[in-house]
Structure formats: structure tokens, C-alpha cells
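Visitor: Please find coords-v2.csv (CSV, N, CA and C atoms) on the next line:
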chain,number,residue,atom,x,y,z
A,11,MET,N,-16.6,-6.1,-4.9
A,11,MET,CA,-15.3,-5.3,-4.8
A,11,MET,C,-14.5,-5.9,-3.6
A,12,LEU,N,-15.1,-6.2,-2.5
A,12,LEU,CA,-14.3,-6.6,-1.4
A,12,LEU,C,-13.7,-8.0,-1.6
A,13,GLU,N,-14.3,-8.9,-2.3
A,13,GLU,CA,-13.8,-10.2,-2.6
A,13,GLU,C,-12.6,-10.1,-3.5
A,14,ARG,N,-12.6,-9.2,-4.5
A,14,ARG,CA,-11.5,-8.9,-5.4
A,14,ARG,C,-10.3,-8.3,-4.6
A,15,LEU,N,-10.6,-7.4,-3.7
A,15,LEU,CA,-9.5,-6.8,-2.9
A,15,LEU,C,-8.9,-7.8,-2.0
A,16,GLN,N,-9.7,-8.8,-1.5
A,16,GLN,CA,-9.2,-9.8,-0.6
A,16,GLN,C,-8.3,-10.8,-1.4
A,17,THR,N,-8.6,-11.1,-2.7
A,17,THR,CA,-7.8,-12.0,-3.4
A,17,THR,C,-6.5,-11.3,-3.8
A,18,ILE,N,-6.5,-10.0,-4.1
A,18,ILE,CA,-5.3,-9.3,-4.3
A,18,ILE,C,-4.4,-9.2,-3.1
A,19,ALA,N,-5.1,-9.0,-1.9
A,19,ALA,CA,-4.3,-8.9,-0.7
A,19,ALA,C,-3.7,-10.2,-0.3
A,20,LYS,N,-4.3,-11.3,-0.6
A,20,LYS,CA,-3.7,-12.6,-0.3
A,20,LYS,C,-2.5,-12.8,-1.1
A,21,VAL,N,-2.5,-12.4,-2.4
A,21,VAL,CA,-1.2,-12.5,-3.2
A,21,VAL,C,-0.1,-11.6,-2.5
A,22,PHE,N,-0.5,-10.4,-2.1
A,22,PHE,CA,0.4,-9.5,-1.5
A,22,PHE,C,0.9,-10.0,-0.2
A,23,SER,N,0.1,-10.7,0.6
A,23,SER,CA,0.5,-11.2,1.9
A,23,SER,C,1.5,-12.3,1.7
A,24,ARG,N,1.5,-13.0,0.6
A,24,ARG,CA,2.5,-14.0,0.4
A,24,ARG,C,3.9,-13.3,0.0
A,25,LEU,N,3.8,-12.1,-0.5
A,25,LEU,CA,5.0,-11.4,-0.9
A,25,LEU,C,5.4,-10.4,0.2
A,26,LYS,N,4.8,-10.5,1.3
A,26,LYS,CA,5.0,-9.5,2.4
A,26,LYS,C,6.5,-9.4,2.8
A,27,PRO,N,7.3,-10.5,3.0
A,27,PRO,CA,8.7,-10.3,3.3
A,27,PRO,C,9.5,-9.6,2.2
A,28,LEU,N,9.1,-9.9,0.9
A,28,LEU,CA,9.8,-9.2,-0.2
A,28,LEU,C,9.5,-7.8,-0.2
A,29,LEU,N,8.2,-7.4,0.0
A,29,LEU,CA,7.8,-6.1,0.0
A,29,LEU,C,8.4,-5.3,1.2
A,30,LEU,N,8.6,-5.9,2.3
A,30,LEU,CA,9.2,-5.3,3.5
A,30,LEU,C,10.7,-5.0,3.1
A,31,LEU,N,11.3,-6.0,2.5
A,31,LEU,CA,12.7,-5.8,2.1
A,31,LEU,C,12.9,-4.6,1.1
A,32,ILE,N,11.9,-4.6,0.1
A,32,ILE,CA,12.0,-3.5,-0.9
A,32,ILE,C,11.7,-2.1,-0.2
A,33,ALA,N,10.8,-2.1,0.8
A,33,ALA,CA,10.6,-0.9,1.5
A,33,ALA,C,11.8,-0.4,2.3
A,34,PHE,N,12.5,-1.4,2.9
A,34,PHE,CA,13.7,-1.1,3.7
A,34,PHE,C,14.8,-0.6,2.7
A,35,ALA,N,14.9,-1.2,1.5
A,35,ALA,CA,15.9,-0.7,0.6
A,35,ALA,C,15.5,0.7,0.1
A,36,GLY,N,14.3,1.0,-0.1
A,36,GLY,CA,13.9,2.4,-0.4
A,36,GLY,C,14.2,3.3,0.7
A,37,LEU,N,14.0,2.9,1.9
A,37,LEU,CA,14.3,3.8,3.1
A,37,LEU,C,15.8,4.0,3.2
A,38,MET,N,16.6,3.0,2.9
A,38,MET,CA,18.0,3.1,3.0
A,38,MET,C,18.5,4.0,1.9
A,39,GLY,N,18.0,3.9,0.7
A,39,GLY,CA,18.4,4.7,-0.4
A,39,GLY,C,18.0,6.2,-0.2
A,40,PHE,N,16.8,6.4,0.4
A,40,PHE,CA,16.4,7.8,0.7
A,40,PHE,C,17.3,8.3,1.8
A,41,GLY,N,17.6,7.5,2.8
A,41,GLY,CA,18.4,8.0,3.9
A,41,GLY,C,19.8,8.3,3.5
A,42,LEU,N,20.4,7.5,2.7
A,42,LEU,CA,21.8,7.7,2.1
A,42,LEU,C,21.8,9.0,1.3
A,43,SER,N,20.7,9.2,0.5
A,43,SER,CA,20.7,10.4,-0.3
A,43,SER,C,20.4,11.6,0.5
A,44,LEU,N,19.6,11.5,1.5
A,44,LEU,CA,19.3,12.7,2.3
A,44,LEU,C,20.5,13.2,3.1
A,45,PHE,N,21.3,12.2,3.7
A,45,PHE,CA,22.4,12.7,4.5
A,45,PHE,C,23.7,12.7,3.7
A,46,GLU,N,23.6,12.7,2.4
A,46,GLU,CA,24.7,12.9,1.5
A,46,GLU,C,25.9,11.9,1.8
A,47,SER,N,25.6,10.7,1.8
A,47,SER,CA,26.6,9.6,2.0
A,47,SER,C,27.7,9.7,1.0
A,48,PRO,N,28.9,9.4,1.4
A,48,PRO,CA,30.0,9.3,0.5
A,48,PRO,C,29.9,8.2,-0.5
A,49,VAL,N,29.0,7.2,-0.2
A,49,VAL,CA,28.8,6.1,-1.1
A,49,VAL,C,28.1,6.6,-2.4
A,50,LEU,N,27.2,7.5,-2.2
A,50,LEU,CA,26.4,8.1,-3.4
A,50,LEU,C,26.9,9.5,-3.7
A,51,GLU,N,26.9,9.8,-4.9
A,51,GLU,CA,27.3,11.2,-5.3
A,51,GLU,C,26.0,12.0,-5.4
A,52,GLY,N,25.9,13.0,-4.5
A,52,GLY,CA,24.7,13.9,-4.6
A,52,GLY,C,23.5,13.2,-4.1
A,53,ARG,N,22.4,13.6,-4.7
A,53,ARG,CA,21.1,13.1,-4.3
A,53,ARG,C,20.4,12.4,-5.5
A,54,GLN,N,21.1,11.6,-6.2
A,54,GLN,CA,20.6,11.0,-7.4
A,54,GLN,C,19.5,10.0,-7.2
A,55,LEU,N,19.6,9.3,-6.1
A,55,LEU,CA,18.6,8.2,-5.8
A,55,LEU,C,17.5,8.6,-4.9
A,56,MET,N,17.4,9.9,-4.5
A,56,MET,CA,16.4,10.3,-3.5
A,56,MET,C,15.0,10.1,-4.0
A,57,MET,N,14.7,10.6,-5.1
A,57,MET,CA,13.3,10.5,-5.6
A,57,MET,C,12.9,9.1,-6.0
A,58,PRO,N,13.7,8.3,-6.8
A,58,PRO,CA,13.3,7.0,-7.1
A,58,PRO,C,13.2,6.1,-5.8
A,59,SER,N,14.1,6.3,-4.8
A,59,SER,CA,13.9,5.5,-3.6
A,59,SER,C,12.7,5.9,-2.8
A,60,LEU,N,12.3,7.1,-2.9
A,60,LEU,CA,11.1,7.6,-2.2
A,60,LEU,C,9.9,7.0,-2.9
A,61,VAL,N,9.9,6.9,-4.2
A,61,VAL,CA,8.7,6.3,-4.9
A,61,VAL,C,8.7,4.8,-4.5
A,62,VAL,N,9.8,4.1,-4.5
A,62,VAL,CA,9.8,2.7,-4.1
A,62,VAL,C,9.3,2.5,-2.7
A,63,LEU,N,9.8,3.4,-1.8
A,63,LEU,CA,9.3,3.3,-0.4
A,63,LEU,C,7.8,3.5,-0.3
A,64,PHE,N,7.3,4.5,-1.0
A,64,PHE,CA,5.8,4.7,-0.9
A,64,PHE,C,5.0,3.5,-1.4
A,65,TRP,N,5.4,3.0,-2.6
A,65,TRP,CA,4.7,1.9,-3.2
A,65,TRP,C,4.8,0.6,-2.3
A,66,ALA,N,6.0,0.3,-1.8
A,66,ALA,CA,6.1,-0.9,-1.0
A,66,ALA,C,5.3,-0.8,0.3
A,67,THR,N,5.3,0.4,0.9
A,67,THR,CA,4.6,0.6,2.1
A,67,THR,C,3.1,0.5,1.9
A,68,ALA,N,2.6,1.1,0.8
A,68,ALA,CA,1.2,1.0,0.5
A,68,ALA,C,0.8,-0.5,0.2
A,69,SER,N,1.7,-1.2,-0.4
A,69,SER,CA,1.4,-2.6,-0.7
A,69,SER,C,1.3,-3.5,0.5
A,70,VAL,N,2.2,-3.2,1.5
A,70,VAL,CA,2.2,-3.9,2.7
A,70,VAL,C,0.9,-3.6,3.5
A,71,CYS,N,0.6,-2.3,3.6
A,71,CYS,CA,-0.6,-1.9,4.3
A,71,CYS,C,-1.9,-2.5,3.6
A,72,PHE,N,-1.9,-2.6,2.3
A,72,PHE,CA,-3.0,-3.2,1.6
A,72,PHE,C,-3.1,-4.7,2.0
A,73,ALA,N,-2.0,-5.4,2.0
A,73,ALA,CA,-2.0,-6.8,2.4
A,73,ALA,C,-2.5,-7.1,3.8
A,74,VAL,N,-2.1,-6.2,4.7
A,74,VAL,CA,-2.5,-6.4,6.1
A,74,VAL,C,-3.9,-6.0,6.3
A,75,LEU,N,-4.4,-5.0,5.6
A,75,LEU,CA,-5.8,-4.5,5.9
A,75,LEU,C,-6.8,-5.5,5.3
A,76,PHE,N,-6.6,-6.0,4.1
A,76,PHE,CA,-7.6,-6.8,3.4
A,76,PHE,C,-7.4,-8.3,3.3
A,77,GLU,N,-6.5,-8.8,4.2
A,77,GLU,CA,-6.3,-10.2,4.2
A,77,GLU,C,-7.5,-11.0,4.7
A,78,ASN,N,-8.1,-10.5,5.7
A,78,ASN,CA,-9.2,-11.2,6.4
A,78,ASN,C,-10.5,-10.4,6.4
A,79,ILE,N,-11.2,-10.3,5.3
A,79,ILE,CA,-12.5,-9.6,5.3
A,79,ILE,C,-13.6,-10.6,5.7
A,80,PRO,N,-14.5,-10.2,6.5
A,80,PRO,CA,-15.6,-11.1,7.0
A,80,PRO,C,-16.5,-11.4,5.8
A,81,PRO,N,-16.9,-12.7,5.7
A,81,PRO,CA,-17.8,-13.1,4.6
A,81,PRO,C,-19.2,-12.4,4.8
A,82,ALA,N,-19.9,-12.4,3.7
A,82,ALA,CA,-21.2,-11.8,3.6
A,82,ALA,C,-22.1,-12.4,4.7
A,83,SER,N,-23.0,-11.6,5.2
A,83,SER,CA,-23.9,-12.1,6.3
A,83,SER,C,-24.9,-13.2,5.8
A,84,ASN,N,-25.1,-14.1,6.6
A,84,ASN,CA,-26.1,-15.2,6.3
A,84,ASN,C,-27.5,-14.7,6.6
A,85,PRO,N,-28.4,-14.9,5.6
A,85,PRO,CA,-29.8,-14.4,5.8
A,85,PRO,C,-30.5,-15.1,7.0
A,86,GLU,N,-30.0,-16.3,7.3
A,86,GLU,CA,-30.7,-17.0,8.4
A,86,GLU,C,-30.2,-16.7,9.8
A,87,ALA,N,-29.1,-15.8,9.8
A,87,ALA,CA,-28.5,-15.4,11.1
A,87,ALA,C,-29.4,-14.4,11.8
A,88,GLY,N,-29.2,-14.2,13.0
A,88,GLY,CA,-29.9,-13.2,13.8
A,88,GLY,C,-29.7,-11.8,13.3
A,89,TYR,N,-30.6,-10.9,13.7
A,89,TYR,CA,-30.6,-9.5,13.3
A,89,TYR,C,-29.3,-8.8,13.7
A,90,ARG,N,-28.9,-9.1,15.0
A,90,ARG,CA,-27.7,-8.4,15.5
A,90,ARG,C,-26.4,-8.9,14.8
A,91,GLN,N,-26.3,-10.1,14.5
A,91,GLN,CA,-25.2,-10.7,13.8
A,91,GLN,C,-25.1,-10.1,12.3
A,92,ARG,N,-26.3,-10.1,11.6
A,92,ARG,CA,-26.3,-9.5,10.3
A,92,ARG,C,-25.9,-8.1,10.3
A,93,TRP,N,-26.4,-7.3,11.3
A,93,TRP,CA,-26.1,-5.9,11.3
A,93,TRP,C,-24.6,-5.7,11.6
A,94,SER,N,-24.0,-6.5,12.5
A,94,SER,CA,-22.6,-6.4,12.8
A,94,SER,C,-21.7,-6.7,11.6
A,95,VAL,N,-22.1,-7.8,10.8
A,95,VAL,CA,-21.3,-8.1,9.6
A,95,VAL,C,-21.5,-7.0,8.6
A,96,THR,N,-22.6,-6.5,8.4
A,96,THR,CA,-22.9,-5.4,7.5
A,96,THR,C,-22.1,-4.2,7.8
A,97,LEU,N,-22.0,-3.8,9.1
A,97,LEU,CA,-21.2,-2.7,9.5
A,97,LEU,C,-19.7,-2.9,9.2
A,98,ARG,N,-19.2,-4.1,9.6
A,98,ARG,CA,-17.8,-4.4,9.4
A,98,ARG,C,-17.5,-4.4,7.9
A,99,ARG,N,-18.3,-5.0,7.1
A,99,ARG,CA,-18.1,-5.0,5.6
A,99,ARG,C,-18.2,-3.5,5.0
A,100,GLY,N,-19.1,-2.7,5.6
A,100,GLY,CA,-19.1,-1.3,5.2
A,100,GLY,C,-17.9,-0.6,5.5
A,101,GLY,N,-17.3,-0.8,6.7
A,101,GLY,CA,-16.0,-0.2,7.0
A,101,GLY,C,-14.9,-0.7,6.1
A,102,TYR,N,-14.9,-2.0,5.7
A,102,TYR,CA,-13.9,-2.4,4.8
A,102,TYR,C,-14.1,-1.8,3.4
A,103,TRP,N,-15.4,-1.6,3.0
A,103,TRP,CA,-15.7,-1.0,1.8
A,103,TRP,C,-15.1,0.5,1.7
A,104,LEU,N,-15.3,1.2,2.9
A,104,LEU,CA,-14.7,2.5,2.9
A,104,LEU,C,-13.2,2.5,2.9
A,105,LEU,N,-12.6,1.5,3.6
A,105,LEU,CA,-11.1,1.4,3.5
A,105,LEU,C,-10.7,1.0,2.1
A,106,GLY,N,-11.4,0.2,1.4
A,106,GLY,CA,-11.1,-0.1,0.0
A,106,GLY,C,-11.2,1.1,-0.9
A,107,SER,N,-12.2,1.9,-0.7
A,107,SER,CA,-12.3,3.1,-1.5
A,107,SER,C,-11.2,4.0,-1.2
A,108,PHE,N,-10.8,4.1,0.0
A,108,PHE,CA,-9.7,5.0,0.4
A,108,PHE,C,-8.4,4.4,-0.2
A,109,MET,N,-8.2,3.1,-0.2
A,109,MET,CA,-6.9,2.6,-0.8
A,109,MET,C,-6.9,2.8,-2.3
A,110,ILE,N,-8.0,2.7,-2.9
A,110,ILE,CA,-8.0,3.0,-4.4
A,110,ILE,C,-7.7,4.4,-4.6
A,111,LEU,N,-8.2,5.4,-3.8
A,111,LEU,CA,-7.8,6.8,-4.0
A,111,LEU,C,-6.4,7.0,-3.7
A,112,LEU,N,-5.9,6.3,-2.6
A,112,LEU,CA,-4.5,6.4,-2.3
A,112,LEU,C,-3.6,5.9,-3.4
A,113,SER,N,-4.0,4.8,-4.0
A,113,SER,CA,-3.2,4.3,-5.2
A,113,SER,C,-3.2,5.2,-6.3
A,114,LEU,N,-4.3,5.8,-6.6
A,114,LEU,CA,-4.4,6.8,-7.7
A,114,LEU,C,-3.5,8.0,-7.4
A,115,SER,N,-3.5,8.5,-6.1
A,115,SER,CA,-2.6,9.6,-5.7
A,115,SER,C,-1.2,9.2,-5.8
A,116,LEU,N,-0.8,7.9,-5.5
A,116,LEU,CA,0.5,7.5,-5.6
A,116,LEU,C,1.0,7.4,-7.1
A,117,VAL,N,0.1,7.1,-8.0
A,117,VAL,CA,0.4,7.2,-9.4
A,117,VAL,C,0.8,8.6,-9.8
A,118,VAL,N,0.0,9.5,-9.4
A,118,VAL,CA,0.2,10.9,-9.8
A,118,VAL,C,1.5,11.4,-9.1
A,119,LEU,N,1.7,11.1,-7.8
A,119,LEU,CA,2.9,11.5,-7.1
A,119,LEU,C,4.2,10.9,-7.7
A,120,SER,N,4.1,9.6,-8.1
A,120,SER,CA,5.2,8.9,-8.7
A,120,SER,C,5.6,9.6,-10.0
A,121,TYR,N,4.5,9.9,-10.8
A,121,TYR,CA,4.8,10.6,-12.1
A,121,TYR,C,5.5,11.9,-11.9
A,122,GLN,N,5.0,12.7,-10.9
A,122,GLN,CA,5.6,14.0,-10.6
A,122,GLN,C,7.1,13.8,-10.1
A,123,LEU,N,7.3,12.9,-9.2
A,123,LEU,CA,8.6,12.7,-8.7
A,123,LEU,C,9.6,12.2,-9.8
A,124,ILE,N,9.2,11.3,-10.6
A,124,ILE,CA,10.1,10.8,-11.6
A,124,ILE,C,10.3,11.8,-12.7
A,125,ARG,N,9.3,12.6,-13.0
A,125,ARG,CA,9.5,13.7,-14.0
A,125,ARG,C,10.5,14.7,-13.5
A,126,THR,N,10.3,15.1,-12.2
A,126,THR,CA,11.3,16.0,-11.6
A,126,THR,C,12.7,15.4,-11.6
A,127,TRP,N,12.8,14.1,-11.3
A,127,TRP,CA,14.1,13.5,-11.2
A,127,TRP,C,14.8,13.5,-12.6
A,128,PHE,N,14.0,13.3,-13.6
A,128,PHE,CA,14.6,13.3,-15.0
A,128,PHE,C,15.1,14.7,-15.4
A,129,MET,N,14.5,15.8,-14.8
A,129,MET,CA,14.8,17.1,-15.1
A,129,MET,C,16.1,17.6,-14.4
A,130,LEU,N,16.5,16.9,-13.4
A,130,LEU,CA,17.7,17.3,-12.6
A,130,LEU,C,18.9,17.0,-13.4
As C-alpha cells, what does this structure read like?
Guide:
Amino acid sequence: MLERLQTIAKVFSRLKPLLLLIAFAGLMGFGLSLFESPVLEGRQLMMPSLVVLFWATASVCFAVLFENIPPASNPEAGYRQRWSVTLRRGGYWLLGSFMILLSLSLVVLSYQLIRTWFML
């Protein structure tokens, strides 16, 4: 699981400037909608820009967290080094599980926000 997350994170890390730009655009759209800018009529872009902001931020965090996962421990290494690598990889495994749950929550939240947006 960790190796697959690392390969996905390496792709995201190459796209990090684009993701940051998308997150900034989502933040600007949300801010303009929140403060009722004369550029926009009403709060039409609030929920879609919030969804874009959440997904871009989650993608950047994913790229930063899983870019450098330590390799599996060498069986010929000392006990202390194997234990250290095992603990670090266990922490990354917990972070990976949390990111998968966060992504699933973002799918549900995105669905709810876009559904609410269409009802307005």
C-alpha cells in the first residue's frame, strides 16, 4: 500500500505548482462569494470553489506527506535500525489510512455541496 501511495504522491508532487494555483483560485472564488463582490452576482460560486479548494489542498498534502516514504527494512540490518524503520513505516501506514478516509469523506462532502448548489 505504501509503495502505491508513494507513486501517486510522486505524480502529485510534479503537479504541486498547478495544484497550489488551483487551491488559490478556489480560495479566491470562495472569498469573492463570501464577501459578495460586485464581480460576482450573489453566492453562485461559493460551493464549487469550496469543493475545488478542499480537493486541491488534500492533493497537495498527499503529495507532501507521501513523497519520501522510507524503504522496507533490510533483514541484515541491526535490531534498532529495523525497529526504527518499522515504526516509521507504521506511522506512514496510519497516515495513509487516514488520507484514504479523508478522501472518502471529501467525496461525500463534495456530493452534498454540489447537490445543495444545484438546488439553489
Visitor: Taking only C-alpha atoms into account, name the residue in A:Ala87, A:Leu55, A:Leu112, A:Leu12 that is nearest to Phe128 of chain A.
Guide: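 Under the stated criterion, the closest residue is A:Leu55.
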Visitor: Using all atoms listed in the file, which residues of segment 14-80 of chain A come within 8 Å of segment 117-123 of chain A, and what is the closest atom pair for each, with the distance in Å to one decimal? Give it as a tab-separated table, sorted by chain and residue number.
Guide:
residue	atom	partner	partner_atom	distance
A:Met57	CA	A:Leu123	C	5.8
A:Pro58	N	A:Leu123	C	6.4
A:Leu60	C	A:Ser120	CA	7.7
A:Val61	CA	A:Ser120	CA	5.8
A:Val62	N	A:Ser120	CA	7.9
Visitor: What is the distance between atom CA of Met129 of chain A and atom CA of Leu114 of chain A, in Å to one decimal?
Guide: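 Going from atom CA of Met129 of chain A over to atom CA of Leu114 of chain A covers 23.0 Å.
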Visitor: Determine, counting only C-alpha atoms, every residue of protein, DNA or RNA that lies within 9 Å of (21.2, 9.4, -1.7) in the file coordinates, then give the result as number ranges by chain.
Guide: A: 38-47, 49-57, 59
Visitor: Hey, can you pull every residue with an atom no more than 12 Å from (-9.9, -9.7, 4.5), using only C-alpha atoms, and send it as a PyMOL selection string?
Guide: chain A and resi 11-23+72-82+98-99+101-103+105-106
Visitor: Quote the spacing between atom C of Trp65 of chain A and atom C of Pro48 of chain A in Å to one decimal place.
Guide: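 Between atom C of Trp65 of chain A and atom C of Pro48 of chain A the gap is 26.3 Å.
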Visitor: Have a look at atom CA of Met109 of chain A and atom CA of Ile124 of chain A and let me know their distance in Å, one decimal.
Guide: 21.7 Å
Visitor: Work out where the centre of an axis-aligned box around every listed atom of segment 82-85 of chain A lies and how long its edges are once 3 Å is added on each side; give both in Å to one decimal as lines of an AutoDock Vina configuration file.
Guide:
center_x = -25.2
center_y = -13.4
center_z = 5.3
size_x = 16.6
size_y = 9.6
size_z = 9.4
